[in-house]
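Student: Next comes the structure file upload_37.csv, holding CSV, C-alpha atoms.
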```
chain,number,residue,atom,x,y,z
A,1,MET,CA,-70.9,-4.1,170.0
A,2,LYS,CA,-71.4,-1.3,167.4
A,3,ALA,CA,-70.7,-2.2,163.8
A,4,LYS,CA,-68.2,0.5,163.4
A,5,THR,CA,-66.2,-0.9,166.3
A,6,LEU,CA,-66.2,-4.3,164.8
A,7,TRP,CA,-65.1,-2.9,161.4
A,8,GLN,CA,-62.3,-1.0,163.0
A,9,ILE,CA,-61.2,-4.2,164.7
A,10,ILE,CA,-61.3,-6.1,161.4
A,11,VAL,CA,-59.4,-3.4,159.5
A,12,GLY,CA,-56.8,-3.4,162.3
A,13,VAL,CA,-56.5,-7.1,161.9
A,14,PHE,CA,-55.6,-7.0,158.3
A,15,VAL,CA,-53.3,-4.1,158.1
A,16,ALA,CA,-51.2,-5.5,160.9
A,17,VAL,CA,-48.1,-7.4,160.3
A,18,VAL,CA,-49.6,-10.5,161.8
A,19,LEU,CA,-53.1,-11.8,162.0
A,20,PRO,CA,-54.7,-12.5,165.3
A,21,ALA,CA,-56.8,-15.4,166.4
A,22,GLY,CA,-60.3,-15.4,165.1
A,23,ALA,CA,-59.8,-13.2,162.1
A,24,HIS,CA,-58.4,-15.9,159.9
A,25,HIS,CA,-58.0,-14.5,156.4
A,26,SER,CA,-57.9,-11.4,154.3
A,27,PHE,CA,-60.9,-9.9,152.5
A,28,ALA,CA,-58.8,-9.3,149.4
A,29,ILE,CA,-60.7,-12.1,147.5
A,30,TYR,CA,-63.8,-9.8,147.6
A,31,ASP,CA,-64.3,-6.5,145.8
A,32,MET,CA,-65.2,-4.7,149.1
A,33,SER,CA,-65.7,-1.4,147.2
A,34,GLN,CA,-69.1,-2.8,146.0
A,35,ASN,CA,-72.3,-2.6,148.1
A,36,LEU,CA,-74.8,-4.7,146.2
A,37,GLU,CA,-78.2,-4.6,147.8
A,38,PHE,CA,-80.6,-7.6,147.5
A,39,GLU,CA,-84.0,-8.0,148.9
A,40,GLY,CA,-85.5,-11.5,149.2
A,41,VAL,CA,-86.6,-14.4,151.2
A,42,VAL,CA,-84.0,-16.3,153.3
A,43,GLU,CA,-83.6,-19.8,151.9
A,44,THR,CA,-80.8,-21.2,154.1
A,45,VAL,CA,-78.9,-19.7,157.0
A,46,LYS,CA,-76.0,-21.2,159.0
A,47,MET,CA,-75.1,-19.4,162.1
A,48,ARG,CA,-71.6,-20.6,162.4
A,49,ASN,CA,-68.0,-19.8,163.2
A,50,PRO,CA,-65.7,-18.7,161.8
A,51,HIS,CA,-68.2,-17.4,159.3
A,52,MET,CA,-72.0,-17.4,159.0
A,53,THR,CA,-73.5,-18.2,155.5
A,54,LEU,CA,-76.8,-17.3,154.0
A,55,THR,CA,-78.7,-17.8,150.8
A,56,LEU,CA,-81.4,-15.4,149.7
A,57,VAL,CA,-84.0,-15.9,146.9
A,58,ALA,CA,-84.4,-12.5,145.3
A,59,ALA,CA,-86.9,-11.4,142.7
A,60,GLN,CA,-85.3,-10.0,139.5
A,61,ALA,CA,-86.6,-7.0,137.5
A,62,ASP,CA,-88.0,-9.4,134.9
A,63,GLY,CA,-89.9,-11.4,137.5
A,64,SER,CA,-87.5,-14.3,137.6
A,65,LYS,CA,-85.9,-15.4,140.8
A,66,ARG,CA,-82.2,-15.6,141.6
A,67,THR,CA,-80.5,-17.3,144.5
A,68,ILE,CA,-77.9,-15.0,146.1
A,69,ASN,CA,-75.1,-17.0,147.8
A,70,PHE,CA,-73.5,-15.2,150.7
A,71,VAL,CA,-70.6,-17.6,151.2
A,72,GLU,CA,-69.1,-15.7,154.1
A,73,GLY,CA,-70.2,-13.2,156.7
A,74,ALA,CA,-69.3,-12.3,160.2
A,75,PRO,CA,-68.6,-15.0,162.8
A,76,ALA,CA,-72.0,-16.0,164.2
A,77,ASN,CA,-70.8,-15.0,167.7
A,78,MET,CA,-69.9,-11.5,166.6
A,79,ILE,CA,-73.2,-10.8,164.8
A,80,VAL,CA,-75.4,-12.0,167.6
A,81,ARG,CA,-73.4,-9.8,170.0
A,82,MET,CA,-74.4,-6.9,167.7
A,83,GLY,CA,-78.0,-7.7,168.8
A,84,LEU,CA,-79.2,-9.7,165.8
A,85,ASN,CA,-81.8,-12.3,166.8
A,86,PRO,CA,-81.2,-15.4,164.6
A,87,ALA,CA,-85.0,-15.9,164.5
A,88,ASP,CA,-85.2,-12.7,162.4
A,89,ILE,CA,-83.2,-14.2,159.6
A,90,ALA,CA,-84.7,-17.7,159.7
A,91,PRO,CA,-85.6,-19.4,156.4
A,92,GLY,CA,-88.8,-17.8,155.1
A,93,LYS,CA,-88.1,-14.3,156.5
A,94,THR,CA,-87.8,-11.4,154.1
A,95,ILE,CA,-84.7,-9.3,154.6
A,96,LYS,CA,-82.3,-7.1,152.7
A,97,ALA,CA,-78.7,-8.0,152.5
A,98,ILE,CA,-75.6,-6.1,151.3
A,99,GLY,CA,-72.9,-8.0,149.5
A,100,ALA,CA,-69.5,-7.7,148.0
A,101,PRO,CA,-68.8,-10.2,145.2
A,102,ARG,CA,-65.8,-12.5,145.0
A,103,ARG,CA,-63.3,-11.3,142.4
A,104,ASP,CA,-63.1,-14.7,140.8
A,105,ASP,CA,-66.8,-15.6,141.2
A,106,PRO,CA,-69.4,-12.9,140.8
A,107,ASN,CA,-72.1,-15.2,142.1
A,108,ALA,CA,-70.5,-15.6,145.5
A,109,PHE,CA,-70.7,-12.7,148.0
A,110,PHE,CA,-69.3,-11.6,151.3
A,111,LEU,CA,-72.3,-10.6,153.5
A,112,LYS,CA,-71.5,-7.0,154.6
A,113,ALA,CA,-74.8,-6.2,156.2
A,114,ILE,CA,-78.2,-7.5,157.1
A,115,ILE,CA,-81.2,-5.1,157.1
A,116,LEU,CA,-84.5,-6.2,158.7
A,117,PRO,CA,-87.9,-5.0,157.6
A,118,ASP,CA,-88.1,-2.6,160.5
A,119,GLY,CA,-84.9,-0.9,159.3
A,120,LYS,CA,-82.5,-2.3,161.8
A,121,ARG,CA,-79.1,-2.8,160.2
A,122,TYR,CA,-76.4,-5.2,161.3
A,123,SER,CA,-73.2,-4.2,159.5
A,124,VAL,CA,-70.0,-6.2,159.5
A,125,ILE,CA,-68.5,-3.6,157.2
A,126,ASN,CA,-69.9,-0.1,156.6
B,1,MET,CA,-31.9,-3.8,232.2
B,2,THR,CA,-33.8,-1.0,234.0
B,3,THR,CA,-37.4,-0.2,233.4
B,4,ARG,CA,-36.4,3.1,232.0
B,5,SER,CA,-34.0,1.5,229.5
B,6,LEU,CA,-36.6,-1.0,228.5
B,7,VAL,CA,-39.1,1.8,227.8
B,8,ALA,CA,-36.5,3.7,225.9
B,9,ARG,CA,-35.7,0.6,223.8
B,10,ALA,CA,-39.3,-0.1,223.1
B,11,THR,CA,-39.9,3.5,222.1
B,12,PHE,CA,-37.0,3.3,219.7
B,13,VAL,CA,-38.2,0.1,218.2
B,14,ALA,CA,-41.7,1.4,217.8
B,15,ALA,CA,-40.5,4.6,216.2
B,16,GLY,CA,-38.2,2.6,213.9
B,17,CYS,CA,-41.1,0.3,212.8
B,18,ALA,CA,-43.3,3.3,212.2
B,19,LEU,CA,-40.5,4.7,209.9
B,20,CYS,CA,-40.2,1.4,208.2
B,21,LEU,CA,-43.9,1.3,207.4
B,22,LYS,CA,-43.7,4.8,206.1
B,23,VAL,CA,-40.6,4.2,203.9
B,24,TRP,CA,-41.4,0.6,202.8
B,25,PRO,CA,-44.9,0.2,201.5
B,26,ALA,CA,-46.6,-3.1,202.1
B,27,ALA,CA,-45.5,-5.8,199.7
B,28,ALA,CA,-47.8,-5.8,196.5
B,29,GLN,CA,-50.3,-8.5,196.6
B,30,PRO,CA,-50.8,-10.9,193.6
B,31,ALA,CA,-53.3,-9.5,191.2
B,32,ASP,CA,-56.7,-11.1,190.7
B,33,PHE,CA,-57.1,-11.8,187.0
B,34,SER,CA,-60.4,-13.7,187.3
B,35,GLY,CA,-63.2,-12.4,185.1
B,36,LEU,CA,-64.6,-12.0,181.6
B,37,TYR,CA,-62.8,-9.8,179.1
B,38,PHE,CA,-62.6,-8.6,175.6
B,39,PRO,CA,-59.5,-7.5,173.7
B,40,TYR,CA,-59.0,-3.7,174.0
B,41,ARG,CA,-57.8,-1.6,171.1
B,42,GLY,CA,-55.5,-4.1,169.5
B,43,ARG,CA,-51.8,-4.2,170.5
B,44,THR,CA,-48.4,-2.7,169.7
B,45,VAL,CA,-45.6,-4.7,168.1
B,46,ALA,CA,-41.9,-3.8,168.1
B,47,PRO,CA,-40.0,-4.2,165.9
B,48,GLN,CA,-42.6,-3.9,163.2
B,49,PRO,CA,-42.3,-5.8,160.9
B,50,PRO,CA,-40.4,-8.6,162.6
B,51,GLU,CA,-36.8,-9.1,161.5
B,52,TYR,CA,-36.3,-12.5,160.1
B,53,THR,CA,-33.1,-14.5,160.1
B,54,PRO,CA,-31.8,-15.1,156.5
B,55,ALA,CA,-33.1,-18.7,156.5
B,56,ALA,CA,-36.5,-17.6,157.8
B,57,LYS,CA,-36.6,-14.8,155.3
B,58,GLN,CA,-36.2,-17.3,152.5
B,59,ALA,CA,-38.9,-19.5,154.1
B,60,PHE,CA,-41.2,-16.4,154.2
B,61,GLU,CA,-40.6,-15.7,150.5
B,62,GLU,CA,-41.2,-19.3,149.5
B,63,TYR,CA,-44.4,-19.3,151.7
B,64,GLN,CA,-45.7,-16.1,150.1
B,65,ALA,CA,-45.1,-17.5,146.6
B,66,ALA,CA,-46.8,-20.8,147.3
B,67,PHE,CA,-49.7,-20.0,149.7
B,68,GLY,CA,-52.7,-18.0,148.6
B,69,ILE,CA,-55.3,-16.2,150.6
B,70,ASP,CA,-57.6,-19.2,150.9
B,71,ASP,CA,-54.7,-21.5,152.0
B,72,ASP,CA,-55.3,-20.5,155.5
B,73,PRO,CA,-54.9,-22.5,158.8
B,74,GLY,CA,-57.8,-20.6,160.4
B,75,ARG,CA,-60.2,-21.8,157.7
B,76,TYR,CA,-59.3,-25.4,158.9
B,77,CYS,CA,-59.7,-24.5,162.6
B,78,ILE,CA,-56.0,-24.7,163.4
B,79,TRP,CA,-55.5,-23.0,166.8
B,80,PRO,CA,-53.4,-19.9,166.6
B,81,GLY,CA,-51.8,-20.9,169.9
B,82,ILE,CA,-49.3,-19.0,171.9
B,83,PRO,CA,-48.2,-16.3,171.4
B,84,ARG,CA,-50.8,-15.3,168.8
B,85,ALA,CA,-53.8,-16.1,171.0
B,86,ILE,CA,-52.8,-13.4,173.4
B,87,TRP,CA,-53.8,-10.6,171.1
B,88,GLY,CA,-56.7,-12.4,169.5
B,89,ALA,CA,-59.8,-11.1,167.7
B,90,SER,CA,-62.8,-9.7,169.4
B,91,PHE,CA,-64.2,-12.7,171.2
B,92,ALA,CA,-64.8,-13.2,174.9
B,93,ILE,CA,-62.0,-14.4,177.1
B,94,GLU,CA,-62.6,-15.9,180.6
B,95,ILE,CA,-59.9,-16.2,183.2
B,96,GLN,CA,-60.2,-18.3,186.3
B,97,GLN,CA,-57.5,-18.0,188.9
B,98,ARG,CA,-56.5,-20.3,191.7
B,99,ALA,CA,-53.5,-20.4,194.0
B,100,GLN,CA,-52.0,-23.2,192.0
B,101,ASP,CA,-52.9,-22.1,188.4
B,102,VAL,CA,-54.5,-19.7,186.1
B,103,THR,CA,-56.8,-21.0,183.4
B,104,ILE,CA,-57.7,-18.9,180.3
B,105,TYR,CA,-60.5,-19.8,177.9
B,106,TRP,CA,-60.7,-18.1,174.6
B,107,GLU,CA,-64.1,-18.1,172.8
B,108,GLY,CA,-62.3,-17.9,169.5
B,109,TYR,CA,-61.5,-21.4,168.3
B,110,GLY,CA,-62.5,-22.7,171.7
B,111,MET,CA,-58.9,-22.4,172.9
B,112,TYR,CA,-57.9,-22.9,176.5
B,113,ARG,CA,-54.6,-22.6,178.4
B,114,LYS,CA,-53.2,-23.7,181.8
B,115,ILE,CA,-50.6,-21.5,183.5
B,116,TYR,CA,-49.1,-23.5,186.4
B,117,MET,CA,-47.6,-21.7,189.4
B,118,ALA,CA,-44.0,-22.6,189.9
B,119,ASP,CA,-44.4,-22.7,193.7
B,120,HIS,CA,-47.3,-25.2,193.6
B,121,ASP,CA,-45.6,-28.3,192.2
B,122,ALA,CA,-46.0,-27.4,188.5
B,123,PRO,CA,-46.2,-30.5,186.3
B,124,GLN,CA,-43.6,-31.4,183.8
B,125,PRO,CA,-44.4,-30.8,180.1
B,126,ILE,CA,-45.5,-33.9,178.2
B,127,LEU,CA,-46.1,-33.0,174.6
B,128,PRO,CA,-45.4,-29.9,172.5
B,129,SER,CA,-48.7,-28.2,171.9
B,130,ALA,CA,-50.3,-25.1,170.4
B,131,MET,CA,-50.5,-23.4,173.8
B,132,GLY,CA,-47.2,-24.8,175.1
B,133,HIS,CA,-46.2,-25.4,178.7
B,134,SER,CA,-46.6,-22.3,180.9
B,135,VAL,CA,-45.1,-21.9,184.3
B,136,ALA,CA,-45.5,-18.6,186.3
B,137,HIS,CA,-44.3,-16.8,189.4
B,138,TRP,CA,-45.3,-13.5,191.0
B,139,GLU,CA,-43.1,-10.5,191.0
B,140,GLY,CA,-45.1,-8.3,193.3
B,141,SER,CA,-48.5,-8.0,191.7
B,142,THR,CA,-47.2,-8.9,188.3
B,143,LEU,CA,-47.5,-12.5,187.0
B,144,VAL,CA,-44.5,-13.5,185.1
B,145,ILE,CA,-45.2,-16.4,182.7
B,146,GLU,CA,-42.7,-18.4,180.8
B,147,THR,CA,-43.9,-20.6,177.9
B,148,THR,CA,-42.0,-23.3,176.1
B,149,HIS,CA,-42.7,-26.7,174.4
B,150,LEU,CA,-44.7,-24.9,171.6
B,151,ARG,CA,-45.5,-26.9,168.5
B,152,PRO,CA,-44.1,-25.2,165.3
B,153,TYR,CA,-46.5,-22.7,163.7
B,154,PRO,CA,-45.1,-22.4,160.2
B,155,TYR,CA,-47.5,-19.9,158.8
B,156,MET,CA,-45.1,-17.2,157.8
B,157,THR,CA,-47.5,-14.3,157.5
B,158,ARG,CA,-48.9,-14.8,161.0
B,159,MET,CA,-46.0,-14.5,163.3
B,160,ALA,CA,-44.6,-18.0,162.7
B,161,THR,CA,-42.7,-19.7,165.5
B,162,SER,CA,-40.5,-22.8,165.7
B,163,SER,CA,-40.2,-25.4,168.5
B,164,ASP,CA,-37.5,-23.2,170.0
B,165,ALA,CA,-39.8,-20.3,170.6
B,166,HIS,CA,-39.7,-19.0,174.2
B,167,VAL,CA,-42.4,-16.6,175.3
B,168,VAL,CA,-42.2,-14.5,178.4
B,169,GLU,CA,-45.3,-12.5,179.6
B,170,ARG,CA,-45.6,-9.9,182.3
B,171,MET,CA,-49.3,-9.7,183.1
B,172,ARG,CA,-50.7,-7.1,185.5
B,173,VAL,CA,-54.1,-5.5,186.4
B,174,GLU,CA,-54.6,-1.8,185.8
B,175,GLU,CA,-57.6,0.4,186.8
B,176,ARG,CA,-58.3,2.8,184.0
B,177,GLU,CA,-61.0,5.4,183.3
B,178,VAL,CA,-62.8,5.0,180.0
B,179,GLU,CA,-65.6,7.3,179.0
B,180,GLY,CA,-65.9,8.6,182.6
B,181,GLN,CA,-66.1,5.1,184.1
B,182,LYS,CA,-63.4,3.2,186.0
B,183,GLY,CA,-62.8,-0.3,184.7
B,184,LYS,CA,-60.4,-3.2,185.2
B,185,PHE,CA,-57.9,-3.9,182.5
B,186,ILE,CA,-55.2,-6.6,182.1
B,187,VAL,CA,-52.0,-5.4,180.4
B,188,ASN,CA,-49.8,-8.2,179.1
B,189,GLU,CA,-46.3,-7.3,178.0
B,190,VAL,CA,-45.1,-10.2,175.8
B,191,VAL,CA,-41.6,-11.0,174.6
B,192,VAL,CA,-41.3,-13.7,171.9
B,193,SER,CA,-37.8,-15.0,171.4
B,194,ASP,CA,-37.1,-17.5,168.6
B,195,PRO,CA,-33.5,-17.2,167.3
B,196,LYS,CA,-34.1,-19.6,164.4
B,197,VAL,CA,-36.8,-17.3,163.0
B,198,TYR,CA,-36.3,-13.8,164.3
B,199,THR,CA,-33.0,-11.8,164.7
B,200,THR,CA,-34.3,-9.9,167.7
B,201,PRO,CA,-37.0,-10.7,170.3
B,202,ILE,CA,-40.5,-9.3,169.4
B,203,LYS,CA,-42.2,-7.2,172.0
B,204,ILE,CA,-45.9,-7.0,172.1
B,205,THR,CA,-48.2,-5.3,174.5
B,206,ALA,CA,-51.8,-6.6,174.5
B,207,THR,CA,-54.6,-5.3,176.7
B,208,LEU,CA,-57.9,-6.8,177.8
B,209,GLN,CA,-60.9,-4.9,179.2
B,210,GLU,CA,-63.1,-6.5,181.8
B,211,ARG,CA,-66.7,-6.9,180.5
B,212,ARG,CA,-68.9,-8.2,183.3
B,213,ASP,CA,-71.9,-8.3,180.9
B,214,ALA,CA,-70.1,-10.7,178.6
B,215,GLN,CA,-70.6,-14.4,178.3
B,216,LEU,CA,-68.4,-17.0,176.6
B,217,LEU,CA,-70.3,-18.3,173.6
B,218,GLU,CA,-69.7,-21.7,172.0
B,219,TYR,CA,-67.4,-21.5,169.0
B,220,THR,CA,-67.5,-24.7,167.1
B,221,CYS,CA,-65.2,-24.2,164.1
B,222,SER,CA,-65.4,-27.4,162.1
B,223,ASP,CA,-69.1,-27.6,161.1
B,224,THR,CA,-68.4,-26.3,157.6
B,225,LEU,CA,-65.6,-28.7,157.1
B,226,TRP,CA,-67.8,-31.6,158.1
B,227,ASP,CA,-70.5,-30.4,155.8
B,228,GLU,CA,-68.0,-30.3,152.9
B,229,TYR,CA,-66.9,-33.8,153.7
B,230,LEU,CA,-70.5,-35.1,153.8
B,231,SER,CA,-71.2,-33.4,150.5
B,232,GLU,CA,-68.2,-34.9,148.8
B,233,ARG,CA,-69.3,-38.3,150.1
B,234,GLY,CA,-72.9,-37.7,149.0
B,235,LEU,CA,-74.2,-38.3,152.5
B,236,VAL,CA,-77.2,-36.5,153.9
B,237,LEU,CA,-77.8,-36.3,157.6
B,238,PRO,CA,-81.4,-36.9,158.9
B,239,ASP,CA,-83.2,-33.7,159.8
B,240,LEU,CA,-84.4,-34.6,163.3
B,241,ASP,CA,-86.1,-31.2,163.7
B,242,ALA,CA,-88.4,-32.1,160.8
B,243,LEU,CA,-89.7,-35.2,162.4
B,244,PRO,CA,-93.4,-35.1,163.2
B,245,GLU,CA,-94.5,-34.1,166.7
B,246,PRO,CA,-95.5,-37.1,168.9
B,247,GLN,CA,-99.3,-37.9,168.8
B,248,GLY,CA,-101.3,-37.6,172.0
```
Translate this file's structure into structure tokens.
Tutor:
Amino acid sequence: MKAKTLWQIIVGVFVAVVLPAGAHHSFAIYDMSQNLEFEGVVETVKMRNPHMTLTLVAAQADGSKRTINFVEGAPANMIVRMGLNPADIAPGKTIKAIGAPRRDDPNAFFLKAIILPDGKRYSVIN
Amino acid sequence: MTTRSLVARATFVAAGCALCLKVWPAAAQPADFSGLYFPYRGRTVAPQPPEYTPAAKQAFEEYQAAFGIDDDPGRYCIWPGIPRAIWGASFAIEIQQRAQDVTIYWEGYGMYRKIYMADHDAPQPILPSAMGHSVAHWEGSTLVIETTHLRPYPYMTRMATSSDAHVVERMRVEEREVEGQKGKFIVNEVVVSDPKVYTTPIKITATLQERRDAQLLEYTCSDTLWDEYLSERGLVLPDLDALPEPQG
């Protein structure tokens, strides 16, 4: 499934009067206008439903390291249907990830997209 | 009766039958819903938004005031149930059809549903449930399903329903052309009646598109909740994958 199609589905879900099965809550807790890009090494990943989670250890400009906590992403089933191989984001792999911070916790992010070293991009939200 | 009159009568009957066949098309056969599907382009809802009864409107306002975005039944793996499952999110759906029943598996939340055929000794309902008790009959090639014995679903922003909810579905197969290719679709016209909650029945049309390349993936929803419990208890599970390989 193309990312755009998935996003259209998710938007459709949340502007509707009622929410359907599977899409279980609003994204309003996140500032979805932001697209913060991080590059780092995957520390943990949980390919789960209703949401995958991932932590990334990213190098800071001053040389220090910061753990980026993506507390929610797409359902695991949806992102593998986009073509993502879980082995490509296993702990130890270097990837880029795009996040939107929680409004009440700037250290917790929604995982909007994963970008592999070969440039392949798996977007939940464009 | 003479031979001539017999021939005349036979000719008349044959002509009449030929006319019958021309005027009356063959009775529509029951549709075959079996297959793998994905929801197709959302659904339509009328009226939109639903019109609450005064008491339900008050319940809705109290719910909105008390429940936040994170106070969500889906986060805790509560099945959306019927009717909400019918227009579910983009996960695979598998339908298996037999003469006596239709079984629907939803990948999302791992839901499943039995629809019993009324003319095959349908069982009596036992307990109210998220998917309710569904009994169906054919009207031509359309499957008409009536569902009752639903457990209350009091989540007011998600098409809440009470125990009195009564859902009627009219499900049919359509062949449609999409992007130059013909495909099989299931169109389900749903009417949700729940006089305690809604002043008028809600009509929803949901469509599924057959996807022969699809497969139903496992959807275990409660892993995160279990992890949170273990964390609160300070328990750590053994990492069996980290055990050493056997020697020799």
Student: From the list B:Met156, B:Val178, B:Leu150, B:Ala89, which residue is nearest chain A when using only C-alpha atoms?
Tutor: B:Ala89
Student: List as a short mmCIF file (atom, residue, chain, number, x, y, z; two decimals) with C-alpha atoms, in the coordinates of the input: which residues have an atom within 6 Å of (-78.5, -19.5, 148.4), counting all atoms listed in the file?
Tutor:
```cif
data_model
loop_
_atom_site.label_atom_id
_atom_site.label_comp_id
_atom_site.auth_asym_id
_atom_site.auth_seq_id
_atom_site.Cartn_x
_atom_site.Cartn_y
_atom_site.Cartn_z
CA THR A 55 -78.70 -17.80 150.80
CA LEU A 56 -81.40 -15.40 149.70
CA THR A 67 -80.50 -17.30 144.50
CA ILE A 68 -77.90 -15.00 146.10
CA ASN A 69 -75.10 -17.00 147.80
#
```
Student: Select, as JSON, numbers by chain, those residues of chain B with any atom no more than 8 Å from chain A (distances computed using only C-alpha atoms).
Tutor: {"B": [41, 42, 48, 49, 69, 70, 72, 73, 74, 75, 79, 80, 84, 85, 87, 88, 89, 90, 91, 108, 109, 157, 158, 159, 217, 219, 220, 221, 223]}
Student: What's the 9 Å shell around Ile95 in chain A, counting all atoms listed in the file, without same-chain residues fewer than 5 positions away, as a list in words?
Tutor: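 Everything that qualifies: Phe38, Glu39, Gly40, Val41, Val42, Leu56, Asp88, Ile89, Ile114, Ile115, Leu116 and Pro117 of chain A.
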Student: Mind giving me the straight-line distance from CA of Gly63 in chain A to CA of Leu111 in chain A in Å, one decimal?
Tutor: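 CA of Leu111 in chain A lies 23.8 Å from CA of Gly63 in chain A.
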Student: From the list A:Ala108, A:Leu84, A:Ile98, A:Ile125, which residue is nearest Asn35 in chain A when using only C-alpha atoms?
Tutor: A:Ile98
Student: Any idea what the distance is between CA of Asn85 in chain A and CA of Ala214 in chain B?
Tutor: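 Interatomic distance here is 16.7 Å.
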Student: Could you give me, as a PyMOL selection string, the residues that sit within 8 Å of (-44.0, -20.7, 183.5) in the file's coordinates, counting all atoms listed in the file?
Tutor: chain B and resi 115-118+133-137+144-147
Student: Work out how far apart CA of Gln29 in chain B and CA of Glu94 in chain B are and give it in Å to one decimal.
Tutor: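 Between CA of Gln29 in chain B and CA of Glu94 in chain B the gap is 21.5 Å.
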Student: When distances are computed from all atoms listed in the file, which of A:Ala74, A:Val57, A:Ala87, A:Ala100 shows the smallest separation from Met32 in chain A?
Tutor: A:Ala100
Student: Which is closer to Gln209 in chain B than all the others in B:Ile126, B:Val45, B:Val187, B:Ala65, using all atoms listed in the file?
Tutor: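 Among B:Ile126, B:Val45, B:Val187, B:Ala65, it is B:Val187 that comes nearest to Gln209 in chain B.
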Student: Can you list, as a PDB file with C-alpha atoms, in the coordinates of the input, every protein, DNA or RNA residue that comes within 8 Å of range 164-175 of chain B when you count only C-alpha atoms, leaving out same-chain residues fewer than 2 positions away?
Tutor:
```
ATOM      1  CA  ALA B  31     -53.300  -9.500 191.200  1.00  0.00           C
ATOM      2  CA  ASP B  32     -56.700 -11.100 190.700  1.00  0.00           C
ATOM      3  CA  PHE B  33     -57.100 -11.800 187.000  1.00  0.00           C
ATOM      4  CA  PRO B  83     -48.200 -16.300 171.400  1.00  0.00           C
ATOM      5  CA  SER B 141     -48.500  -8.000 191.700  1.00  0.00           C
ATOM      6  CA  THR B 142     -47.200  -8.900 188.300  1.00  0.00           C
ATOM      7  CA  LEU B 143     -47.500 -12.500 187.000  1.00  0.00           C
ATOM      8  CA  VAL B 144     -44.500 -13.500 185.100  1.00  0.00           C
ATOM      9  CA  ILE B 145     -45.200 -16.400 182.700  1.00  0.00           C
ATOM     10  CA  GLU B 146     -42.700 -18.400 180.800  1.00  0.00           C
ATOM     11  CA  THR B 147     -43.900 -20.600 177.900  1.00  0.00           C
ATOM     12  CA  THR B 148     -42.000 -23.300 176.100  1.00  0.00           C
ATOM     13  CA  HIS B 149     -42.700 -26.700 174.400  1.00  0.00           C
ATOM     14  CA  LEU B 150     -44.700 -24.900 171.600  1.00  0.00           C
ATOM     15  CA  THR B 161     -42.700 -19.700 165.500  1.00  0.00           C
ATOM     16  CA  SER B 162     -40.500 -22.800 165.700  1.00  0.00           C
ATOM     17  CA  GLU B 177     -61.000   5.400 183.300  1.00  0.00           C
ATOM     18  CA  LYS B 182     -63.400   3.200 186.000  1.00  0.00           C
ATOM     19  CA  GLY B 183     -62.800  -0.300 184.700  1.00  0.00           C
ATOM     20  CA  LYS B 184     -60.400  -3.200 185.200  1.00  0.00           C
ATOM     21  CA  PHE B 185     -57.900  -3.900 182.500  1.00  0.00           C
ATOM     22  CA  ILE B 186     -55.200  -6.600 182.100  1.00  0.00           C
ATOM     23  CA  VAL B 187     -52.000  -5.400 180.400  1.00  0.00           C
ATOM     24  CA  ASN B 188     -49.800  -8.200 179.100  1.00  0.00           C
ATOM     25  CA  GLU B 189     -46.300  -7.300 178.000  1.00  0.00           C
ATOM     26  CA  VAL B 190     -45.100 -10.200 175.800  1.00  0.00           C
ATOM     27  CA  VAL B 191     -41.600 -11.000 174.600  1.00  0.00           C
ATOM     28  CA  VAL B 192     -41.300 -13.700 171.900  1.00  0.00           C
ATOM     29  CA  SER B 193     -37.800 -15.000 171.400  1.00  0.00           C
ATOM     30  CA  ASP B 194     -37.100 -17.500 168.600  1.00  0.00           C
ATOM     31  CA  PRO B 195     -33.500 -17.200 167.300  1.00  0.00           C
ATOM     32  CA  LYS B 196     -34.100 -19.600 164.400  1.00  0.00           C
TER      33      LYS B 196
END
```
Student: Just want the 7 Å neighbourhood of Thr103 in chain B, counted on only C-alpha atoms, with same-chain residues fewer than 6 positions away dropped. Output as a list in words.
Tutor: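 Answer for this query is Ile95, Gln96, Gln97, Arg113, Lys114 and Ile115 of chain B.
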Student: Which is closer to Asp213 in chain B than all the others in B:Ala92, B:His120, B:Ala46, B:Gly81, using all atoms listed in the file?
Tutor: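 Using all atoms listed in the file, Asp213 in chain B sits closest to B:Ala92.
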Student: Given the choices A:Gly83, A:Ala61, A:Gly99, A:Pro91, which gets closest to Lys120 in chain A if the distance is worked out from only C-alpha atoms?
Tutor: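 Among the listed residues, the smallest separation from Lys120 in chain A belongs to A:Gly83.
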Student: Can you pull out the residues contacting Pro101 in chain A? Cut-off 8 Å, using all atoms listed in the file, and skip same-chain residues under 5 positions away; I want them as JSON, numbers by chain.
Tutor: {"A": [30, 31, 32, 34, 106, 107, 108, 109, 110]}
Student: Write the residues you've just listed into a file as a short mmCIF file (atom, residue, chain, number, x, y, z; two decimals), keeping the file's coordinate frame, and include C-alpha atoms for each of them.
Tutor:
```cif
data_model
loop_
_atom_site.label_atom_id
_atom_site.label_comp_id
_atom_site.auth_asym_id
_atom_site.auth_seq_id
_atom_site.Cartn_x
_atom_site.Cartn_y
_atom_site.Cartn_z
CA TYR A 30 -63.80 -9.80 147.60
CA ASP A 31 -64.30 -6.50 145.80
CA MET A 32 -65.20 -4.70 149.10
CA GLN A 34 -69.10 -2.80 146.00
CA PRO A 106 -69.40 -12.90 140.80
CA ASN A 107 -72.10 -15.20 142.10
CA ALA A 108 -70.50 -15.60 145.50
CA PHE A 109 -70.70 -12.70 148.00
CA PHE A 110 -69.30 -11.60 151.30
#
```
